[in-house]
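> The structure file my_file-v2.txt (compact mmCIF, C-alpha atoms) is provided below.
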```txt
# COMPACT_ATOMS: atom_id res chain seq x y z
CA MET A 19 195.53 11.08 187.31
CA VAL A 20 193.17 11.34 184.35
CA THR A 21 190.87 8.51 183.36
CA ALA A 22 189.09 7.89 180.06
CA GLU A 23 185.81 8.94 181.78
CA THR A 24 187.17 12.33 182.85
CA VAL A 25 188.53 12.90 179.34
CA TRP A 26 185.20 12.02 177.70
CA ALA A 27 183.39 14.34 180.13
CA ALA A 28 185.80 17.18 179.34
CA LEU A 29 185.49 16.63 175.58
CA ASP A 30 181.71 16.72 175.91
CA GLU A 31 182.11 20.34 177.05
CA ILE A 32 183.89 21.41 173.84
CA PRO A 33 181.42 23.23 171.57
CA ASP A 34 181.40 22.69 167.83
CA PRO A 35 183.20 25.80 166.46
CA GLU A 36 180.39 26.64 164.03
CA ILE A 37 177.30 25.30 165.81
CA PRO A 38 178.25 25.80 169.47
CA ILE A 39 175.00 24.35 170.80
CA ILE A 40 176.35 20.84 170.26
CA SER A 41 179.55 19.34 171.63
CA LEU A 42 182.24 17.45 169.73
CA VAL A 43 181.17 14.26 171.52
CA GLU A 44 177.54 14.77 170.44
CA LEU A 45 178.75 15.46 166.89
CA GLY A 46 180.33 12.00 166.92
CA VAL A 47 183.83 13.07 165.85
CA ILE A 48 185.57 11.38 168.79
CA ARG A 49 186.08 7.75 167.86
CA ASP A 50 188.21 6.63 170.79
CA VAL A 51 189.98 7.87 173.91
CA ALA A 52 192.94 5.86 175.26
CA VAL A 53 194.75 6.86 178.46
CA ASP A 54 198.28 5.61 179.04
CA GLY A 55 199.73 7.12 182.24
CA GLY A 56 200.07 10.84 181.53
CA ARG A 57 199.35 10.50 177.81
CA VAL A 58 195.93 10.70 176.18
CA ARG A 59 195.43 9.52 172.61
CA ILE A 60 192.26 10.69 170.90
CA GLU A 61 191.03 9.32 167.59
CA PHE A 62 189.39 12.23 165.80
CA THR A 63 187.28 11.39 162.73
CA PRO A 64 186.55 14.61 160.83
CA THR A 65 183.18 15.65 159.39
CA PHE A 66 183.25 17.06 155.85
CA LEU A 67 186.82 17.34 154.52
CA GLY A 68 186.07 20.85 153.28
CA CYS A 69 185.02 22.01 156.75
CA PRO A 70 187.15 24.98 157.83
CA ALA A 71 186.49 24.14 161.50
CA LEU A 72 188.56 20.92 161.48
CA GLU A 73 191.77 22.65 162.61
CA ALA A 74 189.90 24.51 165.36
CA MET A 75 188.40 21.22 166.58
CA LYS A 76 191.83 19.59 166.69
CA SER A 77 193.35 22.51 168.63
CA ALA A 78 190.43 22.48 171.09
CA LEU A 79 190.96 18.75 171.73
CA GLU A 80 194.66 19.35 172.42
CA ALA A 81 193.99 22.28 174.73
CA THR A 82 191.32 20.37 176.68
CA VAL A 83 193.59 17.37 177.28
CA ALA A 84 196.46 19.67 178.25
CA ALA A 85 194.18 21.48 180.74
CA LEU A 86 193.56 18.11 182.44
CA GLY A 87 197.32 17.91 183.01
CA ALA A 88 197.93 15.21 180.38
CA GLU A 89 199.91 15.09 177.18
CA PRO A 90 197.61 14.99 174.12
CA GLU A 91 198.07 12.97 170.96
CA ILE A 92 195.37 13.59 168.35
CA ALA A 93 195.21 10.94 165.63
CA VAL A 94 193.20 12.24 162.67
CA ILE A 95 191.41 9.29 161.04
CA GLN A 96 190.86 10.06 157.36
CA ASP A 97 188.47 7.27 156.42
CA ASP A 98 184.70 6.97 156.12
CA SER A 99 184.15 6.21 159.82
CA TRP A 100 182.32 9.51 160.42
CA SER A 101 178.83 9.77 159.08
CA THR A 102 175.91 11.94 160.13
CA ASP A 103 174.50 8.78 161.79
CA ARG A 104 177.18 9.31 164.49
CA ILE A 105 175.45 12.49 165.74
CA THR A 106 173.85 11.43 169.04
CA ALA A 107 170.11 11.59 169.78
CA ALA A 108 170.74 14.43 172.27
CA GLY A 109 172.84 16.22 169.65
CA ARG A 110 170.06 15.94 167.07
CA GLU A 111 167.52 17.40 169.42
CA LYS A 112 169.82 20.34 170.23
CA LEU A 113 170.33 20.99 166.51
CA ARG A 114 166.59 21.04 165.94
CA THR A 115 165.93 23.48 168.78
CA ALA A 116 168.64 25.77 167.34
CA GLY A 117 166.84 25.83 163.96
CA PHE A 118 168.98 23.29 162.11
CA ALA A 119 166.98 20.33 160.82
CA PRO A 120 168.97 17.21 161.82
CA PRO A 121 170.15 14.84 159.06
CA PRO A 122 167.90 11.92 158.15
CA PRO A 123 169.51 8.49 158.68
CA ARG A 124 171.73 7.06 155.95
CA SER A 125 169.99 4.59 153.71
CA ALA A 126 171.66 1.61 152.02
CA GLY A 127 172.80 3.66 149.02
CA PRO A 128 173.88 7.26 148.56
CA THR A 129 171.28 10.02 149.01
CA THR A 130 169.44 10.79 145.77
CA LEU A 131 167.90 13.96 144.41
CA VAL A 132 164.49 12.26 144.49
CA GLN A 133 164.92 11.79 148.26
CA LEU A 134 165.91 15.43 148.73
CA GLN A 135 162.81 16.49 146.82
CA SER A 136 160.52 14.25 148.91
CA LYS A 137 158.35 15.16 151.91
CA ALA A 138 160.65 13.40 154.38
CA PHE A 139 162.10 16.66 155.71
CA ARG A 140 160.44 18.51 158.58
CA CYS A 141 160.71 22.18 159.35
CA PRO A 142 162.66 22.63 162.63
CA TYR A 143 160.41 25.59 163.59
CA CYS A 144 156.85 24.33 162.99
CA ASN A 145 157.42 20.59 162.36
CA SER A 146 155.53 20.72 159.05
CA ASN A 147 156.69 18.40 156.30
CA GLU A 148 155.42 20.83 153.64
CA THR A 149 159.00 21.78 152.82
CA ARG A 150 160.94 21.96 149.57
CA LEU A 151 164.58 21.94 148.53
CA GLU A 152 165.90 25.41 147.71
CA ASN A 153 169.58 24.61 147.24
CA ILE A 154 171.59 21.40 147.74
CA PHE A 155 174.35 23.72 149.01
CA GLY A 156 174.29 26.14 151.91
CA PRO A 157 176.56 28.31 154.05
CA THR A 158 178.83 25.37 154.98
CA PRO A 159 179.59 22.05 153.24
CA CYS A 160 177.37 20.14 155.69
CA ARG A 161 174.12 22.03 155.05
CA SER A 162 171.41 22.44 152.40
CA ILE A 163 168.77 25.15 152.26
CA ARG A 164 165.05 24.27 152.39
CA TRP A 165 161.89 26.37 152.44
CA CYS A 166 158.91 25.70 154.70
CA GLU A 167 155.57 26.28 152.94
CA SER A 168 153.69 26.25 156.27
CA CYS A 169 155.55 28.87 158.27
CA ARG A 170 156.99 30.46 155.13
CA GLN A 171 160.63 30.70 156.04
CA PRO A 172 163.89 29.15 154.91
CA PHE A 173 165.81 26.77 157.17
CA GLU A 174 169.10 24.92 157.15
CA GLN A 175 168.98 21.17 156.65
CA PHE A 176 171.95 18.97 157.58
CA LYS A 177 173.06 16.84 154.66
CA THR A 178 173.20 13.11 155.27
CA ILE A 179 176.59 11.55 154.53
CA MET B 14 209.17 9.98 143.66
CA ASN B 15 207.37 6.64 144.08
CA GLU B 16 204.19 5.68 142.24
CA ARG B 17 201.95 6.14 145.28
CA ALA B 18 203.12 9.72 145.84
CA GLN B 19 202.69 10.46 142.12
CA LEU B 20 199.14 9.11 142.17
CA LEU B 21 198.23 11.07 145.31
CA LEU B 22 199.66 14.29 143.88
CA SER B 23 197.85 13.83 140.55
CA ILE B 24 194.46 13.60 142.25
CA ALA B 25 195.22 16.29 144.85
CA ASP B 26 196.42 18.71 142.15
CA ASP B 27 193.24 18.08 140.10
CA GLU B 28 191.07 18.83 143.14
CA LEU B 29 193.03 21.93 144.20
CA ILE B 30 193.19 23.51 140.74
CA LEU B 31 189.56 22.73 139.90
CA GLY B 32 188.55 24.04 143.34
CA TRP B 33 190.40 27.24 142.52
CA ARG B 34 188.75 27.54 139.10
CA ASP B 35 185.28 26.89 140.54
CA SER B 36 185.88 29.48 143.26
CA GLU B 37 186.38 32.07 140.51
CA TRP B 38 182.56 32.07 140.16
CA THR B 39 182.11 33.22 143.77
CA GLY B 40 180.26 36.52 143.56
CA ILE B 41 179.67 36.44 139.79
CA ALA B 42 177.72 33.21 139.08
CA PRO B 43 174.51 33.67 137.05
CA THR B 44 172.26 33.28 140.12
CA LEU B 45 172.72 33.56 143.87
CA GLU B 46 171.95 29.84 144.27
CA GLU B 47 174.79 28.96 141.89
CA ASP B 48 177.10 31.38 143.64
CA VAL B 49 176.52 29.41 146.87
CA ALA B 50 176.75 26.03 145.09
CA PHE B 51 180.03 26.78 143.30
CA SER B 52 181.59 28.27 146.43
CA SER B 53 180.61 25.24 148.52
CA ILE B 54 181.76 22.71 145.91
CA ALA B 55 185.07 24.56 145.51
CA GLN B 56 185.61 24.59 149.28
CA ASN B 57 184.97 20.87 149.48
CA GLU B 58 187.22 19.99 146.52
CA ILE B 59 190.05 21.94 148.16
CA GLY B 60 189.34 20.01 151.39
CA HIS B 61 189.76 16.77 149.44
CA ALA B 62 193.02 18.12 148.01
CA ARG B 63 194.27 18.87 151.53
CA ALA B 64 193.52 15.33 152.78
CA LEU B 65 195.29 13.81 149.75
CA TYR B 66 198.28 16.18 150.11
CA GLU B 67 198.56 15.08 153.75
CA LEU B 68 198.93 11.44 152.70
CA ALA B 69 201.47 12.45 150.03
CA ALA B 70 203.32 14.62 152.56
CA GLN B 71 203.82 11.63 154.90
CA GLU B 72 205.28 9.75 151.94
CA LEU B 73 207.57 12.63 150.90
CA GLY B 74 208.54 14.02 154.33
CA THR B 75 207.02 17.47 153.85
CA ASP B 76 203.67 19.16 154.64
CA SER B 77 200.46 19.71 152.72
CA ASP B 78 200.87 23.49 152.29
CA ALA B 79 204.35 23.03 150.82
CA LEU B 80 202.97 20.54 148.31
CA ALA B 81 200.03 22.76 147.42
CA PHE B 82 201.91 26.04 147.04
CA ASP B 83 205.70 25.68 146.95
CA ARG B 84 206.20 23.65 143.79
CA ASP B 85 206.87 25.26 140.41
CA PRO B 86 203.95 25.18 137.97
CA GLY B 87 205.77 22.59 135.83
CA GLU B 88 205.89 20.19 138.82
CA TYR B 89 202.10 20.03 139.23
CA ARG B 90 200.58 16.78 138.02
CA CYS B 91 197.02 18.00 137.30
CA ALA B 92 195.16 17.20 134.09
CA PRO B 93 194.81 20.07 131.57
CA LEU B 94 190.99 19.92 131.98
CA VAL B 95 191.13 21.60 135.40
CA GLU B 96 193.59 24.28 134.31
CA LEU B 97 191.42 25.88 131.62
CA HIS B 98 190.26 29.39 132.44
CA LEU B 99 186.61 29.16 131.37
CA LEU B 100 184.59 32.35 131.27
CA ASP B 101 181.47 30.83 129.75
CA TRP B 102 178.76 29.11 131.82
CA ALA B 103 178.08 26.36 129.24
CA HIS B 104 181.77 25.39 129.28
CA THR B 105 181.95 25.68 133.07
CA ILE B 106 179.00 23.32 133.51
CA ALA B 107 180.38 20.97 130.83
CA ARG B 108 183.65 20.77 132.78
CA ARG B 109 181.89 20.17 136.12
CA TYR B 110 179.79 17.42 134.56
CA LEU B 111 182.72 15.72 132.77
CA TYR B 112 185.03 16.06 135.77
CA GLU B 113 182.47 14.58 138.18
CA GLU B 114 181.88 11.63 135.82
CA ALA B 115 185.63 11.01 135.49
CA ASP B 116 186.19 11.47 139.22
CA ARG B 117 183.40 8.98 139.99
CA VAL B 118 185.19 6.31 137.89
CA ARG B 119 188.52 7.12 139.56
CA ILE B 120 187.17 7.16 143.14
CA ASN B 121 185.37 3.88 142.57
CA ALA B 122 188.66 2.29 141.47
CA LEU B 123 190.48 3.72 144.51
CA MET B 124 187.81 2.42 146.91
CA HIS B 125 188.70 -1.08 145.71
CA SER B 126 192.46 -0.48 146.00
CA ASP B 127 194.70 -2.71 148.18
CA ASP B 128 196.05 0.48 149.80
CA ALA B 129 193.80 0.58 152.89
CA GLU B 130 194.63 4.18 153.78
CA LEU B 131 193.83 5.44 150.28
CA ALA B 132 190.74 3.22 149.98
CA GLY B 133 189.42 4.62 153.30
CA LEU B 134 189.95 8.21 152.23
CA ALA B 135 188.37 7.50 148.82
CA ALA B 136 185.27 6.12 150.59
CA LYS B 137 184.99 9.32 152.64
CA ILE B 138 185.43 11.53 149.56
CA ASP B 139 182.87 9.44 147.67
CA ARG B 140 180.14 10.22 150.22
CA GLU B 141 180.72 13.95 149.90
CA GLU B 142 180.90 13.79 146.10
CA THR B 143 177.33 12.47 146.04
CA TYR B 144 176.15 16.08 146.32
CA HIS B 145 178.54 17.42 143.67
CA ARG B 146 177.31 14.73 141.28
CA MET B 147 173.69 15.66 141.93
CA HIS B 148 174.48 19.27 141.05
CA ALA B 149 176.33 18.28 137.85
CA GLU B 150 173.62 15.83 136.78
CA LEU B 151 170.86 18.38 137.34
CA TRP B 152 172.63 20.91 135.14
CA ALA B 153 173.56 18.35 132.48
CA ALA B 154 169.90 17.27 132.26
CA ARG B 155 168.70 20.89 132.17
CA LEU B 156 171.10 21.84 129.35
CA ALA B 157 171.08 18.52 127.45
CA ALA B 158 169.29 19.94 124.41
CA GLU B 159 171.18 23.26 124.32
CA PRO B 160 173.60 23.49 121.36
CA ARG B 161 176.07 25.60 123.34
CA PHE B 162 176.30 22.99 126.08
CA ARG B 163 176.59 20.09 123.64
CA SER B 164 179.42 21.72 121.74
CA ALA B 165 181.18 22.59 125.02
CA VAL B 166 180.99 18.92 126.09
CA GLU B 167 182.44 17.82 122.74
CA GLU B 168 185.20 20.43 122.92
CA LEU B 169 186.20 19.42 126.47
CA TRP B 170 185.85 15.67 125.95
CA PRO B 171 189.53 15.00 124.98
CA PHE B 172 190.49 16.95 128.12
CA ALA B 173 188.13 14.89 130.31
CA LEU B 174 189.69 11.63 129.09
CA GLY B 175 193.07 12.96 130.24
CA VAL B 176 191.88 12.90 133.87
CA LEU B 177 191.91 9.10 133.86
CA GLU B 178 194.47 6.37 133.28
CA GLN B 179 194.05 4.59 129.93
CA GLU B 180 192.35 1.53 131.41
CA LEU B 181 189.57 3.57 133.04
CA ARG B 182 188.70 5.61 129.93
CA PRO B 183 186.24 3.13 128.37
CA ASP B 184 184.10 3.32 131.57
CA LEU B 185 183.94 7.09 131.30
CA ALA B 186 183.12 6.95 127.56
CA GLN B 187 180.26 4.59 128.29
CA ARG B 188 178.85 6.78 131.05
CA VAL B 189 179.00 9.95 128.95
CA GLY B 190 177.97 8.28 125.67
CA LEU B 191 181.00 9.40 123.63
CA ASP B 192 183.88 7.49 122.02
CA VAL B 193 187.42 7.19 123.38
CA VAL B 194 189.63 9.56 121.33
CA ALA B 195 193.16 10.95 121.67
CA ALA B 196 193.31 12.74 125.04
CA HIS B 197 194.97 15.90 126.32
CA GLU B 198 197.28 14.04 128.66
CA ARG B 199 198.32 14.82 132.22
CA GLY B 200 201.71 16.54 132.22
CA GLU B 201 201.04 18.66 129.09
CA HIS B 202 200.33 21.92 130.91
CA THR B 203 198.33 24.77 129.42
CA PRO B 204 199.62 28.38 129.69
CA GLU B 205 196.62 29.04 131.99
CA LEU B 206 198.20 26.99 134.80
CA ALA B 207 201.15 29.36 135.23
CA GLU B 208 198.76 32.35 135.33
CA LEU B 209 196.60 30.65 137.97
CA TRP B 210 199.68 29.65 140.00
CA ASN B 211 200.95 33.23 140.02
CA VAL B 212 197.74 34.41 141.66
CA MET B 213 197.22 31.36 143.91
CA THR B 214 200.69 31.46 145.47
CA GLU B 215 201.19 35.24 145.48
CA VAL B 216 200.48 35.83 149.16
CA ARG B 217 202.50 32.83 150.32
CA ARG B 218 205.47 33.83 148.17
CA SER B 219 205.30 37.43 149.45
CA ILE B 220 206.68 36.43 152.89
CA PRO B 221 208.37 33.01 152.66
CA GLY B 222 208.00 30.91 155.81
CA ALA B 223 205.36 33.13 157.46
CA GLN B 224 202.72 31.49 159.68
CA TRP B 225 199.26 32.69 158.65
```
Kindly transcribe the structure held in the file into structure tokens.


Amino acid sequence: MVTAETVWAALDEIPDPEIPIISLVELGVIRDVAVDGGRVRIEFTPTFLGCPALEAMKSALEATVAALGAEPEIAVIQDDSWSTDRITAAGREKLRTAGFAPPPPRSAGPTTLVQLQSKAFRCPYCNSNETRLENIFGPTPCRSIRWCESCRQPFEQFKTI
Amino acid sequence: MNERAQLLLSIADDELILGWRDSEWTGIAPTLEEDVAFSSIAQNEIGHARALYELAAQELGTDSDALAFDRDPGEYRCAPLVELHLLDWAHTIARRYLYEEADRVRINALMHSDDAELAGLAAKIDREETYHRMHAELWAARLAAEPRFRSAVEELWPFALGVLEQELRPDLAQRVGLDVVAAHERGEHTPELAELWNVMTEVRRSIPGAQW
């Protein structure tokens, strides 16, 4: 008999399809797990709508629940309940060690260009804040490209949303 | 088709067709940075289209791919602005800028809608659009004094008005600093749409019903 705890633990083993160092639980895309007998309902709140990994995440959730011997129901929640603030502290640290600068916290209003051009962003390799914005856009919708003046290399910066 | 489905399809079609047009710069934009920017923006606009098609599909008892690819060109509800095949960078940037300004007015109205599902999705889209707006505003500021850009904005202005319902047009005019004029209305398709559709749906039409 599965419990919500065993489901959460199993979901925490599912790697993000594009950044496998962090799990879907650490990414904050699981909003709720409800167990009803042999059925498990998961509320999945997607990251960026343009992310090509959303289908892969949904299939991985279904397969993981099925492997626990339960019947999965994945409810995709298409509202603004996911934000980069949902990435856990452990998830942020894993991102940083993998060379992805974690997203700064959301402020009251939307992120501005002035903020992106400020010194608030640290290089994930050398921790210097002598970094500058190279491109608002990067290899995936969730990332920007910055350049570190101290260690002289580009790095990927998670966008805050 | 009810009003809600019509509204959802209008916005989804705008996002899909503009996403397609923007993706035409992949590989040939003036700089590598813009190549990446246009590709990423296009990908995200098409993601917004998919989410909107999914809501419309629940309403109409079909699926998002069928709505995106299986209708005839005449059934699309997009505004003529997004259909135009623009080969000039000044016009391309003028369209991005005008579309983002119009879309901002529209999303803001949807976020205050009584339709909780649509308001929630609009709020999610709004967060992502923050970055598209930054890109458009940067370029509009950079090219503000360039005659080619100014004339492109003026030329596309009646098309931009056609993205919005009548009651939202004064807001857009105020933001852009131009007057409300007769618009190129939604539903009057350009010949460019049928050409785009032929390419966009070619693979899907080649083997009907195939799972890719």

> Looking at all atoms listed in the file, which of B:His197, B:Arg63, B:Arg109, B:Arg218 is the one that sits closest to chain A?

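Closest to chain A of all the choices is B:Arg63.
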
> Near chain A, which residues of chain B fall within 8 Å when you count all atoms listed in the file, and what do they look like as JSON, numbers by chain?

{"B": [46, 49, 50, 53, 54, 56, 57, 58, 59, 60, 61, 64, 130, 132, 133, 134, 135, 136, 137, 138, 140, 141, 143, 144, 147, 148]}

> Given the selection you just returned, output its residues as a file containing C-alpha atoms, formatted as a PDB file, in the coordinates of the input.


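Just written: out20.pdb:
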```
ATOM      1  CA  GLU B  46     171.950  29.840 144.270  1.00  0.00           C
ATOM      2  CA  VAL B  49     176.520  29.410 146.870  1.00  0.00           C
ATOM      3  CA  ALA B  50     176.750  26.030 145.090  1.00  0.00           C
ATOM      4  CA  SER B  53     180.610  25.240 148.520  1.00  0.00           C
ATOM      5  CA  ILE B  54     181.760  22.710 145.910  1.00  0.00           C
ATOM      6  CA  GLN B  56     185.610  24.590 149.280  1.00  0.00           C
ATOM      7  CA  ASN B  57     184.970  20.870 149.480  1.00  0.00           C
ATOM      8  CA  GLU B  58     187.220  19.990 146.520  1.00  0.00           C
ATOM      9  CA  ILE B  59     190.050  21.940 148.160  1.00  0.00           C
ATOM     10  CA  GLY B  60     189.340  20.010 151.390  1.00  0.00           C
ATOM     11  CA  HIS B  61     189.760  16.770 149.440  1.00  0.00           C
ATOM     12  CA  ALA B  64     193.520  15.330 152.780  1.00  0.00           C
ATOM     13  CA  GLU B 130     194.630   4.180 153.780  1.00  0.00           C
ATOM     14  CA  ALA B 132     190.740   3.220 149.980  1.00  0.00           C
ATOM     15  CA  GLY B 133     189.420   4.620 153.300  1.00  0.00           C
ATOM     16  CA  LEU B 134     189.950   8.210 152.230  1.00  0.00           C
ATOM     17  CA  ALA B 135     188.370   7.500 148.820  1.00  0.00           C
ATOM     18  CA  ALA B 136     185.270   6.120 150.590  1.00  0.00           C
ATOM     19  CA  LYS B 137     184.990   9.320 152.640  1.00  0.00           C
ATOM     20  CA  ILE B 138     185.430  11.530 149.560  1.00  0.00           C
ATOM     21  CA  ARG B 140     180.140  10.220 150.220  1.00  0.00           C
ATOM     22  CA  GLU B 141     180.720  13.950 149.900  1.00  0.00           C
ATOM     23  CA  THR B 143     177.330  12.470 146.040  1.00  0.00           C
ATOM     24  CA  TYR B 144     176.150  16.080 146.320  1.00  0.00           C
ATOM     25  CA  MET B 147     173.690  15.660 141.930  1.00  0.00           C
ATOM     26  CA  HIS B 148     174.480  19.270 141.050  1.00  0.00           C
TER      27      HIS B 148
END
```

> A:Leu86, A:Gln135, A:Pro121, A:Ala93: which is nearest Gly109 (chain A), counting all atoms listed in the file?

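For Gly109 (chain A), the nearest of the given residues is A:Pro121.
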
> Find the spatial neighbours of region 110-115 of chain A, counting only C-alpha atoms, within a cut-off of 9 Å - ignore same-chain residues fewer than 3 positions away - and output them as a list in words.

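Non-adjacent residues within range: Ile37, Ile39, Ile40, Glu44, Leu45, Ile105, Thr106, Ala107, Phe118, Ala119, Pro120, Pro121, Cys141, Pro142 and Tyr143 of chain A.
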
> Find the residues near Phe62 (chain A): any atom within 8 Å, counting all atoms listed in the file, skip ones fewer than 2 places away on the same chain, and give them as a PDB file with C-alpha atoms, in the frame of the given file.


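Saved the output as out.pdb:
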```pdb
ATOM      1  CA  VAL A  47     183.830  13.070 165.850  1.00  0.00           C
ATOM      2  CA  ILE A  48     185.570  11.380 168.790  1.00  0.00           C
ATOM      3  CA  ARG A  49     186.080   7.750 167.860  1.00  0.00           C
ATOM      4  CA  ASP A  50     188.210   6.630 170.790  1.00  0.00           C
ATOM      5  CA  ILE A  60     192.260  10.690 170.900  1.00  0.00           C
ATOM      6  CA  PRO A  64     186.550  14.610 160.830  1.00  0.00           C
ATOM      7  CA  LYS A  76     191.830  19.590 166.690  1.00  0.00           C
ATOM      8  CA  ILE A  92     195.370  13.590 168.350  1.00  0.00           C
ATOM      9  CA  ALA A  93     195.210  10.940 165.630  1.00  0.00           C
ATOM     10  CA  VAL A  94     193.200  12.240 162.670  1.00  0.00           C
ATOM     11  CA  ILE A  95     191.410   9.290 161.040  1.00  0.00           C
TER      12      ILE A  95
END
```

> Please measure the separation of CA of Ala69 (chain B) and CA of Met124 (chain B), giving the value in Å to one decimal.

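Computing the Euclidean distance for CA of Ala69 (chain B) and CA of Met124 (chain B) yields 17.2 Å.
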
> Write out as a PyMOL selection string each polymer residue whose atoms come within 7 Å of region 21-38 of chain B, counting all atoms listed in the file; drop sequence neighbours fewer than 5 positions from it.

chain B and resi 48+51-52+55-56+58-59+61-62+65-66+69+89-92+95-96

> For the atom pair CA of Val51 (chain A) and CA of Ala129 (chain B), what is the interatomic distance in Å to one decimal place?

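These two atoms are separated by 22.6 Å.
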
> Please report the interatomic distance between CA of Ala70 (chain B) and CA of Ala18 (chain B) in Å with one decimal.

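CA of Ala18 (chain B) lies at a distance of 8.3 Å from CA of Ala70 (chain B).
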
> Excluding Glu114 (chain B) and any residue of its chain fewer than 4 positions from it, enumerate the residues within 9 Å of it, using all atoms listed in the file, and give them as a PDB file with C-alpha atoms, in the frame of the given file.


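Produced file around00.pdb, reproduced below:
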```pdb
ATOM      1  CA  ARG B 109     181.890  20.170 136.120  1.00  0.00           C
ATOM      2  CA  TYR B 110     179.790  17.420 134.560  1.00  0.00           C
ATOM      3  CA  VAL B 118     185.190   6.310 137.890  1.00  0.00           C
ATOM      4  CA  ARG B 119     188.520   7.120 139.560  1.00  0.00           C
ATOM      5  CA  ARG B 146     177.310  14.730 141.280  1.00  0.00           C
ATOM      6  CA  ALA B 149     176.330  18.280 137.850  1.00  0.00           C
ATOM      7  CA  ALA B 173     188.130  14.890 130.310  1.00  0.00           C
ATOM      8  CA  LEU B 185     183.940   7.090 131.300  1.00  0.00           C
ATOM      9  CA  ARG B 188     178.850   6.780 131.050  1.00  0.00           C
ATOM     10  CA  VAL B 189     179.000   9.950 128.950  1.00  0.00           C
TER      11      VAL B 189
END
```

> Quick one: everything within 9 Å of Ala88 (chain A), counting all atoms listed in the file, minus sequence neighbours fewer than 2 positions away in the same chain. Send it as a VMD selection string.

chain A and resid 19 to 20 55 to 58 83 to 86 90

> Nearest to Glu91 (chain A) among A:Asp103, A:Asp30, A:Glu73, A:Asp54, with distances taken over only C-alpha atoms: which residue is it?

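So, comparing all the options, the nearest one is A:Asp54.
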
> Measuring atom to atom with all atoms listed in the file, identify which of B:Glu67, B:Asp101, B:Glu180, B:Asp139 is nearest to Ile120 (chain B).

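Among B:Glu67, B:Asp101, B:Glu180, B:Asp139, it is B:Asp139 that comes nearest to Ile120 (chain B).
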
> Could you check which residues have any atom within 9 Å of (161.4, 14.8, 151.4), counting only C-alpha atoms with coordinates taken straight from the file, and then list them as a short mmCIF file (atom, residue, chain, number, x, y, z; two decimals) with C-alpha atoms, keeping the file's coordinate frame?


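Full text of part-v4.cif as output:
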```
data_model
loop_
_atom_site.label_atom_id
_atom_site.label_comp_id
_atom_site.auth_asym_id
_atom_site.auth_seq_id
_atom_site.Cartn_x
_atom_site.Cartn_y
_atom_site.Cartn_z
CA VAL A 132 164.49 12.26 144.49
CA GLN A 133 164.92 11.79 148.26
CA LEU A 134 165.91 15.43 148.73
CA GLN A 135 162.81 16.49 146.82
CA SER A 136 160.52 14.25 148.91
CA LYS A 137 158.35 15.16 151.91
CA ALA A 138 160.65 13.40 154.38
CA PHE A 139 162.10 16.66 155.71
CA ARG A 140 160.44 18.51 158.58
CA ASN A 147 156.69 18.40 156.30
CA GLU A 148 155.42 20.83 153.64
CA THR A 149 159.00 21.78 152.82
CA ARG A 150 160.94 21.96 149.57
CA LEU A 151 164.58 21.94 148.53
#
```

> Return the single residue from B:Pro93, B:Pro86, B:Gly74, B:Pro43 that is closest to Leu174 (chain B), with distances computed using only C-alpha atoms.

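The answer is B:Pro93, which sits nearest to Leu174 (chain B).
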
> Counting all atoms listed in the file, figure out which residue out of A:Ala108, A:Ala81, A:Ala74, A:Ala116 gets nearest to Ala28 (chain A).

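Of A:Ala108, A:Ala81, A:Ala74, A:Ala116, the one nearest Ala28 (chain A), counting all atoms listed in the file, is A:Ala81.
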